[in-house]
$ cat my_file_3.txt   # compact mmCIF, C-alpha atoms
# COMPACT_ATOMS: atom_id res chain seq x y z
CA MET Z 994 45.26 145.34 127.97
CA ILE Z 995 42.28 147.56 128.72
CA THR Z 996 42.04 150.31 131.31
CA ALA Z 997 38.96 152.45 131.87
CA GLU Z 998 38.39 155.66 133.82
CA PHE Z 999 35.44 158.03 133.97
CA THR Z 1000 35.93 161.73 133.32
CA GLU Z 1001 35.28 164.10 136.21
CA SER Z 1002 31.75 164.80 134.94
CA LYS Z 1003 31.13 161.05 134.56
CA LYS Z 1004 29.52 161.80 131.20
CA ALA Z 1005 32.24 159.86 129.36
CA LEU Z 1006 34.29 156.73 129.99
CA VAL Z 1007 37.87 156.90 128.65
CA ILE Z 1008 39.01 153.43 127.60
CA ALA Z 1009 42.66 152.76 126.71
CA LEU Z 1010 43.34 149.70 124.54
CA SER Z 1011 46.79 148.35 123.74
CA GLY Z 1012 48.60 145.10 123.09
CA GLU Z 1013 46.82 141.85 123.91
CA LEU Z 1014 43.12 142.08 124.80
CA THR Z 1015 41.84 139.27 127.01
CA GLU Z 1016 38.42 137.89 127.85
CA GLN Z 1017 38.92 139.21 131.40
CA ASP Z 1018 39.61 142.71 130.01
CA PHE Z 1019 36.26 142.83 128.26
CA SER Z 1020 34.40 141.20 131.16
CA GLY Z 1021 35.81 143.87 133.47
CA LEU Z 1022 34.77 146.60 131.05
CA VAL Z 1023 31.22 145.22 130.91
CA GLY Z 1024 31.11 145.27 134.70
CA THR Z 1025 32.35 148.87 134.82
CA LEU Z 1026 29.73 150.01 132.33
CA ASP Z 1027 26.83 148.10 133.88
CA ASP Z 1028 27.69 149.17 137.44
CA HIS Z 1029 27.75 152.82 136.34
CA ILE Z 1030 24.46 152.51 134.46
CA ASN Z 1031 22.75 150.86 137.44
CA GLN Z 1032 24.15 153.27 140.05
CA GLU Z 1033 23.89 156.55 138.12
CA ASP Z 1034 20.90 155.72 135.91
CA ASP Z 1035 22.85 157.30 133.08
CA ILE Z 1036 24.63 156.05 129.95
CA PRO Z 1037 28.19 157.40 129.46
CA ASN Z 1038 29.64 158.08 126.04
CA LEU Z 1039 32.96 156.46 125.20
CA VAL Z 1040 36.45 157.72 124.34
CA LEU Z 1041 38.54 154.89 122.89
CA HIS Z 1042 42.25 155.69 123.10
CA ILE Z 1043 43.92 153.07 120.88
CA SER Z 1044 47.70 152.61 120.91
CA GLY Z 1045 49.24 150.71 118.00
CA ILE Z 1046 47.12 147.80 116.77
CA PRO Z 1047 45.63 145.85 119.70
CA HIS Z 1048 44.68 142.20 119.14
CA TRP Z 1049 42.45 139.62 120.81
CA GLU Z 1050 44.19 137.02 122.93
CA SER Z 1051 41.73 134.30 121.96
CA PHE Z 1052 38.43 133.52 120.29
CA HIS Z 1053 36.71 133.86 123.67
CA ALA Z 1054 38.09 137.40 124.00
CA LEU Z 1055 36.73 138.23 120.54
CA LYS Z 1056 33.34 136.74 121.43
CA THR Z 1057 33.15 138.70 124.70
CA HIS Z 1058 34.04 141.89 122.82
CA PHE Z 1059 31.27 141.32 120.26
CA ASN Z 1060 28.76 140.57 123.01
CA LEU Z 1061 29.72 143.85 124.73
CA VAL Z 1062 29.10 145.81 121.53
CA LYS Z 1063 25.85 143.98 120.83
CA ALA Z 1064 24.50 144.65 124.32
CA HIS Z 1065 25.49 148.32 124.59
CA HIS Z 1066 25.73 149.96 121.15
CA ARG Z 1067 22.07 151.00 121.12
CA LEU Z 1068 22.45 152.61 124.55
CA ILE Z 1069 25.60 154.66 123.95
CA SER Z 1070 25.14 157.86 121.92
CA LYS Z 1071 28.72 158.73 120.92
CA VAL Z 1072 32.09 157.04 120.57
CA ALA Z 1073 35.27 159.07 120.07
CA VAL Z 1074 38.13 157.08 118.55
CA VAL Z 1075 41.54 158.57 119.41
CA SER Z 1076 44.40 157.12 117.37
CA ASP Z 1077 47.09 158.01 114.84
CA THR Z 1078 46.93 154.55 113.30
CA LEU Z 1079 45.43 154.75 109.80
CA ALA Z 1080 43.23 151.68 110.29
CA PHE Z 1081 41.42 153.38 113.16
CA ALA Z 1082 41.24 156.76 111.41
CA ILE Z 1083 38.81 155.22 108.91
CA MET Z 1084 36.90 153.32 111.62
CA PRO Z 1085 34.02 155.87 111.85
CA TYR Z 1086 33.15 155.41 108.17
CA ILE Z 1087 32.83 151.65 108.75
CA MET Z 1088 31.23 151.56 112.20
CA ASP Z 1089 28.52 154.09 111.26
CA HIS Z 1090 26.94 151.32 109.17
CA PHE Z 1091 26.85 148.77 111.99
CA ILE Z 1092 26.16 150.54 115.28
CA SER Z 1093 23.69 153.18 116.44
CA ALA Z 1094 26.22 155.44 118.18
CA LYS Z 1095 27.82 158.39 116.38
CA VAL Z 1096 31.49 157.59 115.84
CA ARG Z 1097 34.15 160.26 115.29
CA HIS Z 1098 37.92 160.00 114.88
CA PHE Z 1099 40.45 162.32 116.55
CA PRO Z 1100 44.27 162.29 116.25
CA GLU Z 1101 46.21 161.57 119.44
CA ASN Z 1102 47.22 165.20 119.96
CA HIS Z 1103 43.53 166.12 120.17
CA THR Z 1104 42.51 163.85 123.03
CA ASP Z 1105 41.01 166.82 124.91
CA ASP Z 1106 38.81 167.66 121.90
CA ALA Z 1107 37.67 164.04 121.76
CA THR Z 1108 36.74 164.08 125.44
CA LYS Z 1109 34.88 167.38 125.16
CA TRP Z 1110 32.93 166.07 122.18
CA ALA Z 1111 32.05 162.85 124.00
CA GLU Z 1112 30.86 164.80 127.06
CA ALA Z 1113 28.83 167.31 125.02
CA THR Z 1114 25.13 166.80 124.54
CA ASP Z 1115 25.21 167.83 120.87
CA ASP Z 1116 27.20 166.50 117.91
CA HIS Z 1117 29.59 169.36 117.16
CA PRO Z 1118 33.01 167.82 116.60
CA GLY Z 1119 34.68 170.68 114.71
CA ALA Z 1120 34.88 174.46 114.51
CA PHE Z 1121 35.96 177.48 112.49
CA GLU Z 1122 38.80 179.33 114.20
CA ILE Z 1123 39.15 183.05 113.35
CA LEU Z 1124 42.68 184.13 112.36
CA ASP Z 1125 44.01 187.46 113.67
CA ASP Z 1126 46.46 190.07 112.34
CA LEU Z 1127 44.76 190.59 108.98
CA PRO Z 1128 43.48 193.77 107.25
CA ARG Z 1129 39.84 194.69 107.76
CA ASP Z 1130 38.82 193.60 104.26
CA VAL Z 1131 40.38 190.17 104.81
CA PHE Z 1132 38.95 187.49 107.01
CA GLY Z 1133 40.88 184.38 107.83
CA ILE Z 1134 39.48 181.11 109.10
CA ARG Z 1135 41.02 177.79 110.06
CA ALA Z 1136 38.89 174.65 109.98
CA ARG Z 1137 39.33 172.11 112.79
CA GLY Z 1138 37.87 168.62 113.04
CA ILE Z 1139 34.62 167.83 111.28
CA ILE Z 1140 32.90 170.99 110.04
CA THR Z 1141 29.13 170.95 110.44
CA ALA Z 1142 26.26 173.10 109.19
CA GLN Z 1143 26.21 174.70 112.65
CA ASP Z 1144 29.68 176.15 111.97
CA TYR Z 1145 28.45 177.87 108.82
CA GLU Z 1146 25.24 179.15 110.39
CA GLN Z 1147 26.78 180.47 113.62
CA VAL Z 1148 30.27 181.59 112.54
CA LEU Z 1149 31.03 181.97 108.85
CA VAL Z 1150 27.81 183.45 107.45
CA PRO Z 1151 27.38 186.11 110.21
CA LEU Z 1152 31.06 187.08 109.89
CA VAL Z 1153 30.84 187.62 106.13
CA ASP Z 1154 27.52 189.47 106.37
CA GLU Z 1155 28.96 191.82 108.99
CA LYS Z 1156 32.09 192.61 106.95
CA LEU Z 1157 30.04 193.25 103.79
CA LYS Z 1158 28.31 196.13 105.60
CA THR Z 1159 31.56 198.15 105.35
CA HIS Z 1160 33.33 196.60 102.32
CA ASP Z 1161 32.16 196.04 98.75
CA HIS Z 1162 34.56 193.14 98.27
CA LEU Z 1163 36.35 190.81 100.67
CA LYS Z 1164 39.41 188.59 100.65
CA LEU Z 1165 39.42 185.13 102.20
CA LEU Z 1166 42.31 183.21 103.78
CA PHE Z 1167 41.06 179.65 104.32
CA VAL Z 1168 43.35 177.22 106.19
CA LEU Z 1169 42.62 173.49 106.16
CA ASP Z 1170 45.68 171.87 107.73
CA ASP Z 1171 46.24 168.58 109.59
CA ASP Z 1172 43.63 169.50 112.21
CA PHE Z 1173 40.90 169.47 109.55
CA GLU Z 1174 39.16 166.13 108.95
CA SER Z 1175 36.08 166.57 106.76
CA TYR Z 1176 32.71 168.22 106.21
CA SER Z 1177 29.43 166.74 107.36
CA GLU Z 1178 26.92 166.19 104.55
CA ALA Z 1179 24.88 169.22 105.63
CA ALA Z 1180 28.02 171.38 105.84
CA ALA Z 1181 29.09 170.37 102.32
CA TRP Z 1182 25.69 171.54 101.07
CA ASP Z 1183 26.00 174.79 103.05
CA ASP Z 1184 29.49 175.32 101.61
CA MET Z 1185 28.06 175.15 98.10
CA ARG Z 1186 25.18 177.47 98.95
CA PHE Z 1187 27.61 179.87 100.63
CA GLY Z 1188 29.81 179.97 97.54
CA PHE Z 1189 26.97 180.67 95.14
CA GLY Z 1190 25.36 183.17 97.52
CA HIS Z 1191 28.57 185.25 97.68
CA PHE Z 1192 29.63 184.66 94.08
CA GLY Z 1193 30.72 188.27 93.45
CA ASP Z 1194 31.70 189.35 96.97
CA PHE Z 1195 35.31 188.08 96.94
CA SER Z 1196 38.25 189.53 95.03
CA LYS Z 1197 40.89 187.06 96.27
CA ILE Z 1198 40.79 183.64 97.93
CA ALA Z 1199 43.85 181.89 99.39
CA ILE Z 1200 43.35 178.23 100.27
CA VAL Z 1201 46.08 176.73 102.45
CA THR Z 1202 46.02 172.94 102.58
CA ASP Z 1203 47.93 169.72 102.06
CA HIS Z 1204 44.68 167.80 101.47
CA GLY Z 1205 44.92 166.86 97.81
CA TRP Z 1206 41.18 166.54 97.19
CA ILE Z 1207 40.57 170.10 98.37
CA GLY Z 1208 43.23 171.48 96.04
CA HIS Z 1209 41.79 169.53 93.10
CA ALA Z 1210 38.26 170.76 93.85
CA ALA Z 1211 39.46 174.37 94.12
CA LYS Z 1212 41.26 174.13 90.77
CA LEU Z 1213 38.15 172.62 89.19
CA PHE Z 1214 35.72 175.29 90.41
CA GLY Z 1215 38.18 178.21 90.51
CA PRO Z 1216 37.58 179.25 86.87
CA LEU Z 1217 33.84 179.51 87.57
CA ILE Z 1218 34.19 182.36 90.07
CA ARG Z 1219 35.41 185.94 89.61
CA ALA Z 1220 37.90 185.98 92.47
CA GLN Z 1221 41.58 185.21 92.12
CA VAL Z 1222 42.07 181.78 93.71
CA HIS Z 1223 45.49 180.57 94.79
CA ILE Z 1224 46.34 177.24 96.48
CA PHE Z 1225 49.20 177.16 99.02
CA ASP Z 1226 50.82 174.29 100.89
CA VAL Z 1227 50.53 174.46 104.68
CA LYS Z 1228 54.27 175.18 104.97
CA ASP Z 1229 53.67 178.32 102.87
CA LEU Z 1230 51.08 179.89 105.19
CA GLY Z 1231 53.27 182.99 105.59
CA GLU Z 1232 53.39 183.43 101.83
CA ALA Z 1233 49.62 183.01 101.65
CA ARG Z 1234 49.16 185.75 104.27
CA SER Z 1235 51.39 188.10 102.27
CA TRP Z 1236 49.56 187.35 99.01
CA ILE Z 1237 46.07 187.87 100.44
CA LYS Z 1238 47.07 191.24 101.93
CA ARG Z 1239 48.24 192.67 98.60

$ encode --input "my_file_3.txt" --output "structure tokens"
Amino acid sequence: MITAEFTESKKALVIALSGELTEQDFSGLVGTLDDHINQEDDIPNLVLHISGIPHWESFHALKTHFNLVKAHHRLISKVAVVSDTLAFAIMPYIMDHFISAKVRHFPENHTDDATKWAEATDDHPGAFEILDDLPRDVFGIRARGIITAQDYEQVLVPLVDEKLKTHDHLKLLFVLDDDFESYSEAAAWDDMRFGFGHFGDFSKIAIVTDHGWIGHAAKLFGPLIRAQVHIFDVKDLGEARSWIKR
């Protein structure tokens, strides 16, 4: 079953897919898209809200689906995939090789973020969130979604530079919980440059995460920097706050 509804701005079409997908479902979706394009002279981005693991009713349904993608993927700029099913969480890494649109995954409890990203004109699917209730020499940040170079340039770097005007050394509380997905390639490079550029500016760094690869990377590079580095599980965020304040 497929249902489709435009957002209030009409910049995005929210498509819900579940259960059995028929040839008529996809034909109706093609009609909805083409009518909008012809009437508005504008191409909407897509938000795919996928429940469970939908399946094609028949070969003709599969064929109609492929024809839809073939006819429209070069026109549509962005596709947000909203699902908690693992198979669809890795979809962006596969689809990026086959279609022109930018594809990003969002968990189901972040449907609003997915819609905002799809409606936005730029590709900024994540953000650094500033944590409150910390001493002045400590800055805390929480990473959400896909962190991009823009997040480093507009949030993290200016924040650190400003604090270094009044403190010789800083402490960092860095939270990467379930809301964090990954770094863009440019952000990963900026993260490395940021680390080397502030090599001696930190006395303590607390990294709070359940993402195994982040913990392993921190343990690998931790001995190379002067700061005390401690890894905490997400459930121990309170303990991490206490440690970084000492």

$ residues_around --input "my_file_3.txt" --residues "range 1195-1208 of chain Z" --least-positions-apart "3" --cutoff "6 Å" --atoms "all atoms listed in the file" --output "NGL selection string"
:Z and (1162-1170 or 1211 or 1220-1227)

$ atom_distance --input "my_file_3.txt" --atom1 "CA of Asp1034 in chain Z" --atom2 "CA of Ala1113 in chain Z"
17.8 Å

$ atom_distance --input "my_file_3.txt" --atom1 "CA of Leu1124 in chain Z" --atom2 "CA of Val1096 in chain Z"
29.0 Å

$ atom_distance --input "my_file_3.txt" --atom1 "CA of Lys1228 in chain Z" --atom2 "CA of Ile1140 in chain Z"
22.4 Å

$ residues_around --input "my_file_3.txt" --residues "Thr1078 in chain Z" --least-positions-apart "4" --cutoff "9 Å" --atoms "all atoms listed in the file" --output "CSV table (one decimal) with C-alpha atoms, keeping the file's coordinate frame"
chain,number,residue,atom,x,y,z
Z,1043,ILE,CA,43.9,153.1,120.9
Z,1044,SER,CA,47.7,152.6,120.9
Z,1045,GLY,CA,49.2,150.7,118.0
Z,1046,ILE,CA,47.1,147.8,116.8
Z,1082,ALA,CA,41.2,156.8,111.4
Z,1100,PRO,CA,44.3,162.3,116.2

$ residues_around --input "my_file_3.txt" --residues "Ala1111 in chain Z" --least-positions-apart "3" --cutoff "9 Å" --atoms "all atoms listed in the file" --output "number ranges by chain"
Z: 1004-1006, 1037-1040, 1070-1073, 1106-1108, 1114, 1116, 1118

$ write_last_selection --input "my_file_3.txt" --atoms "C-alpha atoms" --output "short mmCIF file (atom, residue, chain, number, x, y, z; two decimals), in the frame of the given file"
data_model
loop_
_atom_site.label_atom_id
_atom_site.label_comp_id
_atom_site.auth_asym_id
_atom_site.auth_seq_id
_atom_site.Cartn_x
_atom_site.Cartn_y
_atom_site.Cartn_z
CA LYS Z 1004 29.52 161.80 131.20
CA ALA Z 1005 32.24 159.86 129.36
CA LEU Z 1006 34.29 156.73 129.99
CA PRO Z 1037 28.19 157.40 129.46
CA ASN Z 1038 29.64 158.08 126.04
CA LEU Z 1039 32.96 156.46 125.20
CA VAL Z 1040 36.45 157.72 124.34
CA SER Z 1070 25.14 157.86 121.92
CA LYS Z 1071 28.72 158.73 120.92
CA VAL Z 1072 32.09 157.04 120.57
CA ALA Z 1073 35.27 159.07 120.07
CA ASP Z 1106 38.81 167.66 121.90
CA ALA Z 1107 37.67 164.04 121.76
CA THR Z 1108 36.74 164.08 125.44
CA THR Z 1114 25.13 166.80 124.54
CA ASP Z 1116 27.20 166.50 117.91
CA PRO Z 1118 33.01 167.82 116.60
#

$ residues_around --input "my_file_3.txt" --residues "Val1153 in chain Z" --least-positions-apart "6" --cutoff "12 Å" --atoms "all atoms listed in the file" --output "number ranges by chain"
Z: 1123, 1129-1134, 1145-1147, 1159-1165, 1187-1188, 1190-1191, 1194-1195

$ closest_residue --input "my_file_3.txt" --among "Z:Val1062, Z:Ile1008, Z:Ile1218, Z:Val1074" --to "Gly1193 in chain Z" --atoms "only C-alpha atoms"
Z:Ile1218

$ closest_residue --input "my_file_3.txt" --among "Z:Glu1050, Z:Asp1035, Z:Asp1125, Z:Asp1028" --to "Gly1012 in chain Z" --atoms "only C-alpha atoms"
Z:Glu1050

$ closest_residue --input "my_file_3.txt" --among "Z:Leu1055, Z:Ala1142, Z:Ala1210, Z:Leu1079" --to "Glu1101 in chain Z" --atoms "only C-alpha atoms"
Z:Leu1079

$ decode --input "my_file_3.txt" --residues "range 997-1021 of chain Z" --atoms "N, CA and C atoms" --output "mmCIF file, in the first residue's frame"
data_model
loop_
_atom_site.group_PDB
_atom_site.id
_atom_site.type_symbol
_atom_site.label_atom_id
_atom_site.label_comp_id
_atom_site.auth_asym_id
_atom_site.auth_seq_id
_atom_site.Cartn_x
_atom_site.Cartn_y
_atom_site.Cartn_z
ATOM 1 N N ALA Z 997 0.373 9.042 -0.405
ATOM 2 C CA ALA Z 997 1.266 10.172 -0.663
ATOM 3 C C ALA Z 997 0.550 11.477 -0.347
ATOM 4 N N GLU Z 998 1.278 12.383 0.319
ATOM 5 C CA GLU Z 998 0.699 13.678 0.687
ATOM 6 C C GLU Z 998 1.796 14.739 0.678
ATOM 7 N N PHE Z 999 1.507 15.873 0.071
ATOM 8 C CA PHE Z 999 2.475 16.957 0.031
ATOM 9 C C PHE Z 999 2.520 17.680 1.372
ATOM 10 N N THR Z 1000 3.694 18.168 1.730
ATOM 11 C CA THR Z 1000 3.808 19.013 2.913
ATOM 12 C C THR Z 1000 3.132 20.347 2.629
ATOM 13 N N GLU Z 1001 2.933 21.136 3.664
ATOM 14 C CA GLU Z 1001 2.236 22.409 3.498
ATOM 15 C C GLU Z 1001 2.944 23.318 2.505
ATOM 16 N N SER Z 1002 4.274 23.285 2.505
ATOM 17 C CA SER Z 1002 5.043 24.125 1.571
ATOM 18 C C SER Z 1002 5.038 23.577 0.155
ATOM 19 N N LYS Z 1003 4.635 22.321 -0.005
ATOM 20 C CA LYS Z 1003 4.639 21.607 -1.282
ATOM 21 C C LYS Z 1003 6.048 21.403 -1.840
ATOM 22 N N LYS Z 1004 7.050 21.591 -0.985
ATOM 23 C CA LYS Z 1004 8.430 21.358 -1.418
ATOM 24 C C LYS Z 1004 8.828 19.892 -1.279
ATOM 25 N N ALA Z 1005 8.006 19.112 -0.555
ATOM 26 C CA ALA Z 1005 8.311 17.694 -0.363
ATOM 27 C C ALA Z 1005 7.028 16.876 -0.429
ATOM 28 N N LEU Z 1006 7.162 15.660 -0.941
ATOM 29 C CA LEU Z 1006 6.047 14.717 -0.997
ATOM 30 C C LEU Z 1006 6.365 13.579 -0.031
ATOM 31 N N VAL Z 1007 5.511 13.400 0.985
ATOM 32 C CA VAL Z 1007 5.704 12.349 1.979
ATOM 33 C C VAL Z 1007 4.970 11.098 1.496
ATOM 34 N N ILE Z 1008 5.733 10.031 1.287
ATOM 35 C CA ILE Z 1008 5.185 8.790 0.736
ATOM 36 C C ILE Z 1008 5.312 7.684 1.785
ATOM 37 N N ALA Z 1009 4.199 7.097 2.171
ATOM 38 C CA ALA Z 1009 4.195 6.002 3.138
ATOM 39 C C ALA Z 1009 4.046 4.678 2.398
ATOM 40 N N LEU Z 1010 4.972 3.750 2.655
ATOM 41 C CA LEU Z 1010 4.950 2.443 2.005
ATOM 42 C C LEU Z 1010 4.862 1.350 3.062
ATOM 43 N N SER Z 1011 3.932 0.408 2.866
ATOM 44 C CA SER Z 1011 3.792 -0.688 3.811
ATOM 45 C C SER Z 1011 3.101 -1.860 3.124
ATOM 46 N N GLY Z 1012 3.379 -3.045 3.623
ATOM 47 C CA GLY Z 1012 2.695 -4.234 3.131
ATOM 48 C C GLY Z 1012 2.926 -4.504 1.657
ATOM 49 N N GLU Z 1013 1.837 -4.843 0.959
ATOM 50 C CA GLU Z 1013 1.892 -5.228 -0.449
ATOM 51 C C GLU Z 1013 1.793 -3.995 -1.342
ATOM 52 N N LEU Z 1014 2.748 -3.869 -2.272
ATOM 53 C CA LEU Z 1014 2.786 -2.723 -3.180
ATOM 54 C C LEU Z 1014 2.336 -3.182 -4.562
ATOM 55 N N THR Z 1015 1.283 -2.549 -5.070
ATOM 56 C CA THR Z 1015 0.689 -2.990 -6.330
ATOM 57 C C THR Z 1015 1.098 -2.087 -7.495
ATOM 58 N N GLU Z 1016 0.828 -2.592 -8.698
ATOM 59 C CA GLU Z 1016 1.077 -1.795 -9.901
ATOM 60 C C GLU Z 1016 0.259 -0.511 -9.861
ATOM 61 N N GLN Z 1017 -0.976 -0.591 -9.359
ATOM 62 C CA GLN Z 1017 -1.844 0.585 -9.262
ATOM 63 C C GLN Z 1017 -1.279 1.614 -8.277
ATOM 64 N N ASP Z 1018 -0.644 1.131 -7.193
ATOM 65 C CA ASP Z 1018 -0.015 2.042 -6.234
ATOM 66 C C ASP Z 1018 1.020 2.915 -6.920
ATOM 67 N N PHE Z 1019 1.896 2.284 -7.687
ATOM 68 C CA PHE Z 1019 2.975 3.023 -8.332
ATOM 69 C C PHE Z 1019 2.458 3.888 -9.476
ATOM 70 N N SER Z 1020 1.447 3.407 -10.199
ATOM 71 C CA SER Z 1020 0.849 4.224 -11.258
ATOM 72 C C SER Z 1020 0.217 5.485 -10.676
ATOM 73 N N GLY Z 1021 -0.454 5.330 -9.520
ATOM 74 C CA GLY Z 1021 -1.048 6.488 -8.862
ATOM 75 C C GLY Z 1021 0.006 7.467 -8.390
#
